[in-house]
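Student: Got a structure here, written out as structure tokens. Questions coming.
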Number of protein chains: 2
Amino acid sequence: MKSDIILLGHGSGGKLSHQLLDELIIPILSQVPLGEQNDAALLPAQTGRLAFTTDSYVVDPIFFPGGDIGDLAVNGTVNDLAMAGARPLALSVGFILEEGLPILDLKRILESMAHAAKAASVTIVTGDTKVVPRGKGDKLFINTSGIGVIEHDLQISGNAARPGDKILINGSIGDHGMAILASREGLALTSKIETDSAPLNGLVADLVKALGSGLHVLRDPTRGGVATTLKEIALQSGTELTLDESSLPVNPPVQGACAILGLDPLFVANEGKLLAIVSADQAHQALEVMRRHPQGAAAVIIGEVSDSKPGKVFIKTAIGGRRSVEMLAGEQLPRIC
Amino acid sequence: MKSDIILLGHGSGGKLSHQLLDELIIPILSQVPLGEQNDAALLPAQTGRLAFTTDSYVVDPIFFPGGDIGDLAVNGTVNDLAMAGARPLALSVGFILEEGLPILDLKRILESMAHAAKAASVTIVTGDTKVVPRGKGDKLFINTSGIGVIEHDLQISGNAARPGDKILINGSIGDHGMAILASREGLALTSKIETDSAPLNGLVADLVKALGSGLHVLRDPTRGGVATTLKEIALQSGTELTLDESSLPVNPPVQGACAILGLDPLFVANEGKLLAIVSADQAHQALEVMRRHPQGAAAVIIGEVSDSKPGKVFIKTAIGGRRSVEMLAGEQLPRIC
């Protein structure tokens, strides 16, 4: 690359754009040869329903403990496909770069995306790059969209929770959000908090295979945290969800940072966690399947579904109380993903 | 909506996000009922190869003569699918909103997207909304990604141009870019220049049906204009492309504005144009098919393919000269789409 920062011309569609693509983006992200670059990528015909999802990433800072905006963008979209019970097939990536972004920062993020895509067994097949003038963006924003194929007949959906079902999570809550916040605010913590960003498609494939129609709901509790996600499921399915507070796994540094900042880890974003709602008779089987997978080693049952108060979420507190949980109101942590 | 501008909280994933979605975005863009909102949209199984594409839109200004960032984003992604010979099936939309954006501006853009999607017979099935603080974005950026299905066996690709083929375009060049520039710079032109933004999937379907394997290349000359797009095709296919300057359709106000600003319409972006490269014996049939379609009424044959100088593009000038055409160097018109 002739320039060591991004110039407006890198978004022109002309020579500089082609240079950026041919010398940096395509060699790192893709195996598509020069002669086959067209306006759309082609994928072979698929047998099965398709899942389609999109997410834009505007996280600040773009580098943080345990990850960066690049692997976050890949894992996030992989996970949204996985939550539909789909096998992720292909991702697209759209960059909005701010003029002046160091090429080395972009390179590091591209490498992180390539690494994450490989880890999740998904390919990045198409992309787009735009550049905005200094002060009209913030370093870089990334959109990742994804196509997955559903190779079973299960109806996994937020509206499929049934009274009696058990609620499971694959590990500790609040790590991603607190990693971002601690890094942004320069909190001097004794223990480093790292993002939990990880691909969950392998874990989901194991659950689908083992549980079949006993697997009712899968949802990743990202923005808004576990509380907001459970409230969405309660509303969608017309059931009551009750959590057992003492069973909720929270890493001590996250607990500590939340206490200092007056935040509730239940509302803090996760990027490598899933909530699974399964039929009661398969709950322990689900737990075992999760615990055998690297992404589910710390899985626990955290609550259950009933038909008492449709649309409500309650927490049984450690001292025997019971409080209602609502969605996150307003903006607890801006630009967390 | 309780606020008349976008707040950071509208991107939190919590209550305000849900309100924005449920009261504004979903009612205008989508028919998905509340109980069926999941992390990914489901599409029925398809027979045929799939096309997948993505584009982010950062155009400035967001409203311009003949359109806005919303219909531009829908048409642009519809057209990228069409250029692969695909029938557009579903779009995703990712918004990056700047804090302070008037809700009424967002509403107007959503309505324009819904209108464009309807006109192109495509549905918007999934989406995402992020909010960045004032000064970290610019009003709004939109990513649209799209899935299409290819219901034939043709290999339409930039590498499929063959010596002897004819090059066609469906109408005048440079309208979109000059509409943006004139509106941004406040040029006082005697005739208004409007964007040519339009969906081209209907026109492409007619061409596919009529020409079959005689249809070799389809490409929409957006950023970088006709010149850059032809140069890409010449490189991809290893052929020489020669244009006849006198045949290139340019609307007089565009010609005039380009002359004032020292721009060449060959390098100015289009958003409702396609270049089709077809076998010589079907060129007149292609022209007739185009002219029968509302998006192709002003179609013309503008040049031909040879094997003389692989990778080169030449223009035969009106006075009998011949000059080489290269890709747009640097940034002629930033934030044109």
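Here, A, B, ... name the chains of the structure tokens in the order displayed, residue numbers run from 1 inside each chain, and ligands are numbered from 1 in the same displayed order.
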Could you pull out the residues in region 192-295 of chain B that DSSP calls alpha helix (DSSP H) from the backbone, as a PyMOL selection string?
Tutor: chain B and resi 201-211+225-237+252-261+283-292
Student: May I have the residues from that selection written out with N, CA and C atoms, as a short mmCIF file (atom, residue, chain, number, x, y, z; two decimals), in the first residue's frame?
Tutor:
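Okay, this is what ended up in selection01.cif:
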```cif
data_model
loop_
_atom_site.label_atom_id
_atom_site.label_comp_id
_atom_site.auth_asym_id
_atom_site.auth_seq_id
_atom_site.Cartn_x
_atom_site.Cartn_y
_atom_site.Cartn_z
N ASN B 201 -33.98 -5.32 -11.89
CA ASN B 201 -34.21 -6.77 -11.94
C ASN B 201 -35.24 -7.17 -12.99
N GLY B 202 -36.22 -6.33 -13.23
CA GLY B 202 -37.23 -6.66 -14.25
C GLY B 202 -36.59 -6.68 -15.64
N LEU B 203 -35.80 -5.66 -15.92
CA LEU B 203 -35.10 -5.58 -17.22
C LEU B 203 -34.16 -6.78 -17.40
N VAL B 204 -33.45 -7.15 -16.33
CA VAL B 204 -32.54 -8.29 -16.42
C VAL B 204 -33.31 -9.59 -16.68
N ALA B 205 -34.44 -9.75 -16.01
CA ALA B 205 -35.24 -10.97 -16.22
C ALA B 205 -35.65 -11.08 -17.69
N ASP B 206 -36.03 -9.95 -18.29
CA ASP B 206 -36.40 -9.96 -19.71
C ASP B 206 -35.21 -10.35 -20.59
N LEU B 207 -34.03 -9.83 -20.26
CA LEU B 207 -32.83 -10.14 -21.06
C LEU B 207 -32.45 -11.61 -20.94
N VAL B 208 -32.50 -12.12 -19.71
CA VAL B 208 -32.17 -13.54 -19.48
C VAL B 208 -33.10 -14.43 -20.30
N LYS B 209 -34.37 -14.10 -20.24
CA LYS B 209 -35.37 -14.92 -20.93
C LYS B 209 -35.16 -14.88 -22.45
N ALA B 210 -34.91 -13.68 -22.97
CA ALA B 210 -34.83 -13.53 -24.42
C ALA B 210 -33.50 -14.04 -24.99
N LEU B 211 -32.41 -13.81 -24.26
CA LEU B 211 -31.08 -14.07 -24.85
C LEU B 211 -30.47 -15.40 -24.46
N GLY B 225 -18.10 4.92 -12.39
CA GLY B 225 -18.77 5.14 -13.67
C GLY B 225 -18.52 4.06 -14.71
N VAL B 226 -18.99 4.35 -15.92
CA VAL B 226 -18.91 3.39 -17.03
C VAL B 226 -17.45 3.03 -17.33
N ALA B 227 -16.56 4.02 -17.28
CA ALA B 227 -15.16 3.78 -17.65
C ALA B 227 -14.53 2.75 -16.71
N THR B 228 -14.67 2.96 -15.40
CA THR B 228 -14.05 2.05 -14.43
C THR B 228 -14.64 0.66 -14.55
N THR B 229 -15.96 0.57 -14.72
CA THR B 229 -16.61 -0.73 -14.84
C THR B 229 -16.13 -1.49 -16.07
N LEU B 230 -16.00 -0.78 -17.20
CA LEU B 230 -15.53 -1.45 -18.42
C LEU B 230 -14.08 -1.91 -18.26
N LYS B 231 -13.28 -1.09 -17.57
CA LYS B 231 -11.88 -1.48 -17.34
C LYS B 231 -11.84 -2.77 -16.49
N GLU B 232 -12.71 -2.85 -15.49
CA GLU B 232 -12.77 -4.08 -14.68
C GLU B 232 -13.10 -5.29 -15.55
N ILE B 233 -14.06 -5.12 -16.43
CA ILE B 233 -14.48 -6.23 -17.29
C ILE B 233 -13.35 -6.63 -18.25
N ALA B 234 -12.67 -5.61 -18.79
CA ALA B 234 -11.55 -5.89 -19.71
C ALA B 234 -10.48 -6.72 -18.99
N LEU B 235 -10.19 -6.34 -17.74
CA LEU B 235 -9.17 -7.07 -16.97
C LEU B 235 -9.66 -8.48 -16.62
N GLN B 236 -10.93 -8.57 -16.19
CA GLN B 236 -11.45 -9.88 -15.78
C GLN B 236 -11.49 -10.87 -16.93
N SER B 237 -11.88 -10.36 -18.10
CA SER B 237 -12.14 -11.27 -19.23
C SER B 237 -10.93 -11.38 -20.15
N PRO B 252 -28.18 16.55 -21.71
CA PRO B 252 -27.53 17.86 -21.82
C PRO B 252 -27.23 18.54 -20.47
N PRO B 253 -28.15 18.53 -19.48
CA PRO B 253 -27.79 19.18 -18.21
C PRO B 253 -26.59 18.51 -17.53
N VAL B 254 -26.48 17.19 -17.67
CA VAL B 254 -25.34 16.47 -17.09
C VAL B 254 -24.06 16.86 -17.83
N GLN B 255 -24.16 16.90 -19.15
CA GLN B 255 -23.03 17.33 -19.99
C GLN B 255 -22.58 18.73 -19.57
N GLY B 256 -23.55 19.63 -19.39
CA GLY B 256 -23.24 21.01 -19.02
C GLY B 256 -22.58 21.10 -17.65
N ALA B 257 -23.15 20.40 -16.68
CA ALA B 257 -22.59 20.45 -15.32
C ALA B 257 -21.20 19.84 -15.30
N CYS B 258 -20.99 18.76 -16.04
CA CYS B 258 -19.67 18.14 -16.11
C CYS B 258 -18.66 19.11 -16.72
N ALA B 259 -19.08 19.83 -17.75
CA ALA B 259 -18.18 20.79 -18.41
C ALA B 259 -17.78 21.89 -17.43
N ILE B 260 -18.77 22.41 -16.68
CA ILE B 260 -18.48 23.48 -15.70
C ILE B 260 -17.47 22.99 -14.66
N LEU B 261 -17.65 21.74 -14.21
CA LEU B 261 -16.84 21.23 -13.10
C LEU B 261 -15.59 20.48 -13.56
N ALA B 283 -27.29 -8.91 -30.56
CA ALA B 283 -27.20 -7.53 -30.06
C ALA B 283 -28.47 -6.74 -30.38
N HIS B 284 -28.99 -6.90 -31.58
CA HIS B 284 -30.18 -6.12 -31.91
C HIS B 284 -31.41 -6.63 -31.19
N GLN B 285 -31.45 -7.94 -30.96
CA GLN B 285 -32.54 -8.50 -30.16
C GLN B 285 -32.47 -7.93 -28.73
N ALA B 286 -31.25 -7.88 -28.17
CA ALA B 286 -31.07 -7.34 -26.82
C ALA B 286 -31.54 -5.89 -26.76
N LEU B 287 -31.18 -5.14 -27.79
CA LEU B 287 -31.57 -3.73 -27.84
C LEU B 287 -33.09 -3.59 -27.85
N GLU B 288 -33.75 -4.44 -28.63
CA GLU B 288 -35.22 -4.38 -28.70
C GLU B 288 -35.85 -4.73 -27.36
N VAL B 289 -35.31 -5.78 -26.71
CA VAL B 289 -35.84 -6.19 -25.40
C VAL B 289 -35.69 -5.04 -24.40
N MET B 290 -34.52 -4.42 -24.41
CA MET B 290 -34.29 -3.30 -23.49
C MET B 290 -35.27 -2.17 -23.76
N ARG B 291 -35.42 -1.83 -25.03
CA ARG B 291 -36.24 -0.65 -25.38
C ARG B 291 -37.71 -0.85 -25.06
N ARG B 292 -38.13 -2.10 -24.99
CA ARG B 292 -39.53 -2.36 -24.63
C ARG B 292 -39.77 -2.20 -23.12
#
```
Student: Skip Gly148 (chain B) itself and residues of its chain fewer than 3 positions away, then list as a short mmCIF file (atom, residue, chain, number, x, y, z; two decimals) with C-alpha atoms, in the first residue's frame all residues within 9 Å of it, counting only C-alpha atoms.
Tutor:
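This went into result07.cif:
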```cif
data_model
loop_
_atom_site.label_atom_id
_atom_site.label_comp_id
_atom_site.auth_asym_id
_atom_site.auth_seq_id
_atom_site.Cartn_x
_atom_site.Cartn_y
_atom_site.Cartn_z
CA ARG B 49 -27.89 -21.32 -6.92
CA LEU B 50 -27.91 -18.37 -4.54
CA ALA B 51 -26.49 -14.89 -5.06
CA PHE B 52 -25.37 -12.88 -2.02
CA THR B 53 -24.30 -9.24 -1.97
CA VAL B 78 -31.43 -5.29 -5.87
CA LEU B 81 -28.27 -9.32 -7.33
CA ALA B 82 -29.78 -8.72 -10.76
CA ALA B 84 -25.63 -11.96 -11.26
CA GLY B 85 -28.76 -12.92 -13.18
CA ALA B 86 -30.51 -13.61 -9.87
CA ARG B 87 -34.09 -12.94 -8.84
CA PRO B 88 -33.85 -10.82 -5.65
CA LEU B 89 -35.49 -12.71 -2.80
CA ALA B 90 -34.87 -10.88 0.46
CA LEU B 91 -32.96 -7.88 1.78
#
```
Student: Find the residue from A:Glu151, A:Met83, A:Ala40, A:Leu8 that sits nearest to Arg219 (chain B); use only C-alpha atoms when measuring.
Tutor: A:Ala40
Student: Check the smallest atom-to-atom distance from each of B:Asp4, B:Asp128, B:Glu99, B:Asp175 to chain A using only C-alpha atoms, then report the winner.
Tutor: B:Asp128
Student: Which residues in region 150-330 of chain B does DSSP call strand (DSSP E or B)? List them as a ChimeraX atom specification.
Tutor: /B:150,166-169,215-219,240-244,275-278,300-306,313-316,322-325
Student: List the neighbours of Lys2 (chain A) out to 10 Å using only C-alpha atoms; skip same-chain residues closer than 6 positions along the sequence, and give me the result as a PDB file with N, CA and C atoms, in the first residue's frame.
Tutor:
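Once written, selection-v1.pdb looks like this:
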```
ATOM      1  N   LEU A  16      -7.580   3.489  -6.417  1.00  0.00           N
ATOM      2  CA  LEU A  16      -7.198   3.293  -5.019  1.00  0.00           C
ATOM      3  C   LEU A  16      -8.078   2.235  -4.353  1.00  0.00           C
ATOM      4  N   GLN A  19      -6.827  -1.082  -5.414  1.00  0.00           N
ATOM      5  CA  GLN A  19      -5.554  -1.396  -4.764  1.00  0.00           C
ATOM      6  C   GLN A  19      -5.811  -1.896  -3.330  1.00  0.00           C
ATOM      7  N   LEU A  20      -6.682  -1.194  -2.604  1.00  0.00           N
ATOM      8  CA  LEU A  20      -7.005  -1.589  -1.228  1.00  0.00           C
ATOM      9  C   LEU A  20      -7.584  -3.008  -1.200  1.00  0.00           C
TER      10      LEU A  20
END
```
Student: By how many Å are CA of Pro221 (chain B) and CA of Leu266 (chain B) apart?
Tutor: 9.5 Å
Student: Considering only C-alpha atoms, return as a PyMOL selection string whatever protein or nucleic-acid residues lie within 7 Å of Asp71 (chain B), sequence-local ones (same chain, fewer than 3 positions apart) excluded.
Tutor: chain B and resi 67-68+74-75+112-113+116
Student: Write the residues of the preceding selection, restricted to all heavy atoms, as a PDB file, in the first residue's frame.
Tutor:
```pdb
ATOM      1  N   GLY B  67     -34.595  11.187  -5.331  1.00  0.00           N
ATOM      2  CA  GLY B  67     -34.488  10.037  -4.424  1.00  0.00           C
ATOM      3  C   GLY B  67     -33.873  10.402  -3.096  1.00  0.00           C
ATOM      4  O   GLY B  67     -33.717  11.574  -2.755  1.00  0.00           O
ATOM      5  N   ASP B  68     -33.525   9.381  -2.330  1.00  0.00           N
ATOM      6  CA  ASP B  68     -32.841   9.575  -1.059  1.00  0.00           C
ATOM      7  C   ASP B  68     -32.027   8.325  -0.756  1.00  0.00           C
ATOM      8  O   ASP B  68     -32.053   7.349  -1.518  1.00  0.00           O
ATOM      9  CB  ASP B  68     -33.831   9.914   0.071  1.00  0.00           C
ATOM     10  CG  ASP B  68     -34.854   8.812   0.299  1.00  0.00           C
ATOM     11  OD1 ASP B  68     -34.475   7.611   0.353  1.00  0.00           O
ATOM     12  OD2 ASP B  68     -36.052   9.124   0.438  1.00  0.00           O
ATOM     13  N   VAL B  74     -31.933   0.338  -1.378  1.00  0.00           N
ATOM     14  CA  VAL B  74     -32.723  -0.817  -1.838  1.00  0.00           C
ATOM     15  C   VAL B  74     -32.387  -1.127  -3.296  1.00  0.00           C
ATOM     16  O   VAL B  74     -32.047  -2.263  -3.649  1.00  0.00           O
ATOM     17  CB  VAL B  74     -34.230  -0.560  -1.654  1.00  0.00           C
ATOM     18  CG1 VAL B  74     -35.061  -1.623  -2.364  1.00  0.00           C
ATOM     19  CG2 VAL B  74     -34.577  -0.505  -0.170  1.00  0.00           C
ATOM     20  N   ASN B  75     -32.444  -0.106  -4.151  1.00  0.00           N
ATOM     21  CA  ASN B  75     -32.179  -0.342  -5.578  1.00  0.00           C
ATOM     22  C   ASN B  75     -30.757  -0.848  -5.816  1.00  0.00           C
ATOM     23  O   ASN B  75     -30.535  -1.722  -6.655  1.00  0.00           O
ATOM     24  CB  ASN B  75     -32.395   0.951  -6.382  1.00  0.00           C
ATOM     25  CG  ASN B  75     -33.869   1.315  -6.488  1.00  0.00           C
ATOM     26  OD1 ASN B  75     -34.738   0.449  -6.377  1.00  0.00           O
ATOM     27  ND2 ASN B  75     -34.151   2.592  -6.680  1.00  0.00           N
ATOM     28  N   SER B 112     -39.465   5.523   1.969  1.00  0.00           N
ATOM     29  CA  SER B 112     -38.868   5.443   0.648  1.00  0.00           C
ATOM     30  C   SER B 112     -38.288   4.045   0.398  1.00  0.00           C
ATOM     31  O   SER B 112     -38.388   3.496  -0.709  1.00  0.00           O
ATOM     32  CB  SER B 112     -37.819   6.556   0.561  1.00  0.00           C
ATOM     33  OG  SER B 112     -36.815   6.244  -0.323  1.00  0.00           O
ATOM     34  N   MET B 113     -37.721   3.415   1.444  1.00  0.00           N
ATOM     35  CA  MET B 113     -37.214   2.042   1.307  1.00  0.00           C
ATOM     36  C   MET B 113     -38.361   1.067   1.046  1.00  0.00           C
ATOM     37  O   MET B 113     -38.248   0.161   0.209  1.00  0.00           O
ATOM     38  CB  MET B 113     -36.474   1.603   2.576  1.00  0.00           C
ATOM     39  CG  MET B 113     -35.208   2.392   2.845  1.00  0.00           C
ATOM     40  SD  MET B 113     -34.262   1.747   4.253  1.00  0.00           S
ATOM     41  CE  MET B 113     -33.349   0.407   3.431  1.00  0.00           C
ATOM     42  N   ALA B 116     -39.523   1.442  -2.503  1.00  0.00           N
ATOM     43  CA  ALA B 116     -38.563   0.878  -3.463  1.00  0.00           C
ATOM     44  C   ALA B 116     -38.595  -0.649  -3.426  1.00  0.00           C
ATOM     45  O   ALA B 116     -38.500  -1.311  -4.466  1.00  0.00           O
ATOM     46  CB  ALA B 116     -37.153   1.384  -3.164  1.00  0.00           C
TER      47      ALA B 116
END
```
Student: Excluding Gly14 (chain B) and its own-chain neighbours fewer than 6 positions away, which residues fall within 7 Å of it when counting only C-alpha atoms? Please give them as a list in words.
Tutor: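 Those residues are Gly224, Thr228, Met327, Leu328, Ala329 and Gly330 of chain A.
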Student: Residues within 9 Å of Ala182 (chain B), please, as a PyMOL selection string. Count only C-alpha atoms; anything in the same chain fewer than 6 positions from it doesn't count.
Tutor: chain B and resi 188-189+192-193+257
Student: Go ahead and write the residues just picked, N, CA, C and O atoms, as a PDB file, in the first residue's frame.
Tutor:
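Printed below is out.pdb as written:
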```
ATOM      1  N   ALA B 188     -26.422  26.265  -9.363  1.00  0.00           N
ATOM      2  CA  ALA B 188     -27.664  26.815  -9.911  1.00  0.00           C
ATOM      3  C   ALA B 188     -27.744  26.438 -11.386  1.00  0.00           C
ATOM      4  O   ALA B 188     -27.210  27.132 -12.248  1.00  0.00           O
ATOM      5  N   LEU B 189     -28.357  25.284 -11.646  1.00  0.00           N
ATOM      6  CA  LEU B 189     -28.463  24.809 -13.024  1.00  0.00           C
ATOM      7  C   LEU B 189     -29.826  25.206 -13.571  1.00  0.00           C
ATOM      8  O   LEU B 189     -30.805  25.274 -12.836  1.00  0.00           O
ATOM      9  N   LYS B 192     -33.007  20.818 -13.812  1.00  0.00           N
ATOM     10  CA  LYS B 192     -32.733  19.988 -12.646  1.00  0.00           C
ATOM     11  C   LYS B 192     -32.184  18.638 -13.109  1.00  0.00           C
ATOM     12  O   LYS B 192     -32.702  18.040 -14.047  1.00  0.00           O
ATOM     13  N   ILE B 193     -31.135  18.174 -12.459  1.00  0.00           N
ATOM     14  CA  ILE B 193     -30.614  16.833 -12.748  1.00  0.00           C
ATOM     15  C   ILE B 193     -31.116  15.907 -11.654  1.00  0.00           C
ATOM     16  O   ILE B 193     -30.932  16.192 -10.471  1.00  0.00           O
ATOM     17  N   ALA B 257     -23.149  20.398 -16.680  1.00  0.00           N
ATOM     18  CA  ALA B 257     -22.593  20.453 -15.319  1.00  0.00           C
ATOM     19  C   ALA B 257     -21.196  19.839 -15.298  1.00  0.00           C
ATOM     20  O   ALA B 257     -20.298  20.336 -14.617  1.00  0.00           O
TER      21      ALA B 257
END
```
Student: Looking at only C-alpha atoms, which of A:Ile69, A:Leu215, A:Val268, A:Ala298 is the one that sits closest to chain B?
Tutor: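 Closest to chain B of all the choices is A:Val268.
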Student: What does the structure give for the distance between CA of Gly158 (chain A) and CA of Asp220 (chain A), in Å to one decimal?
Tutor: 11.0 Å
Student: Choose the residue, out of A:Thr239, A:Asn159, A:Ser308, A:Ser121, that has the smallest atom-to-atom separation from chain B; count only C-alpha atoms.
Tutor: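 The shortest atom-to-atom distance to chain B comes from A:Asn159.
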Student: Please determine, counting only C-alpha atoms, which residue among A:Pro65, A:Gly13, A:Gly174, A:Gly186 has the shortest atom-to-atom distance to chain B.
Tutor: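 Of A:Pro65, A:Gly13, A:Gly174, A:Gly186, the one nearest chain B, counting only C-alpha atoms, is A:Gly13.
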Student: Please determine, counting only C-alpha atoms, which residue among A:Gly320, A:Gly70, A:Gly238, A:Gly171 has the shortest atom-to-atom distance to chain B.
Tutor: A:Gly238
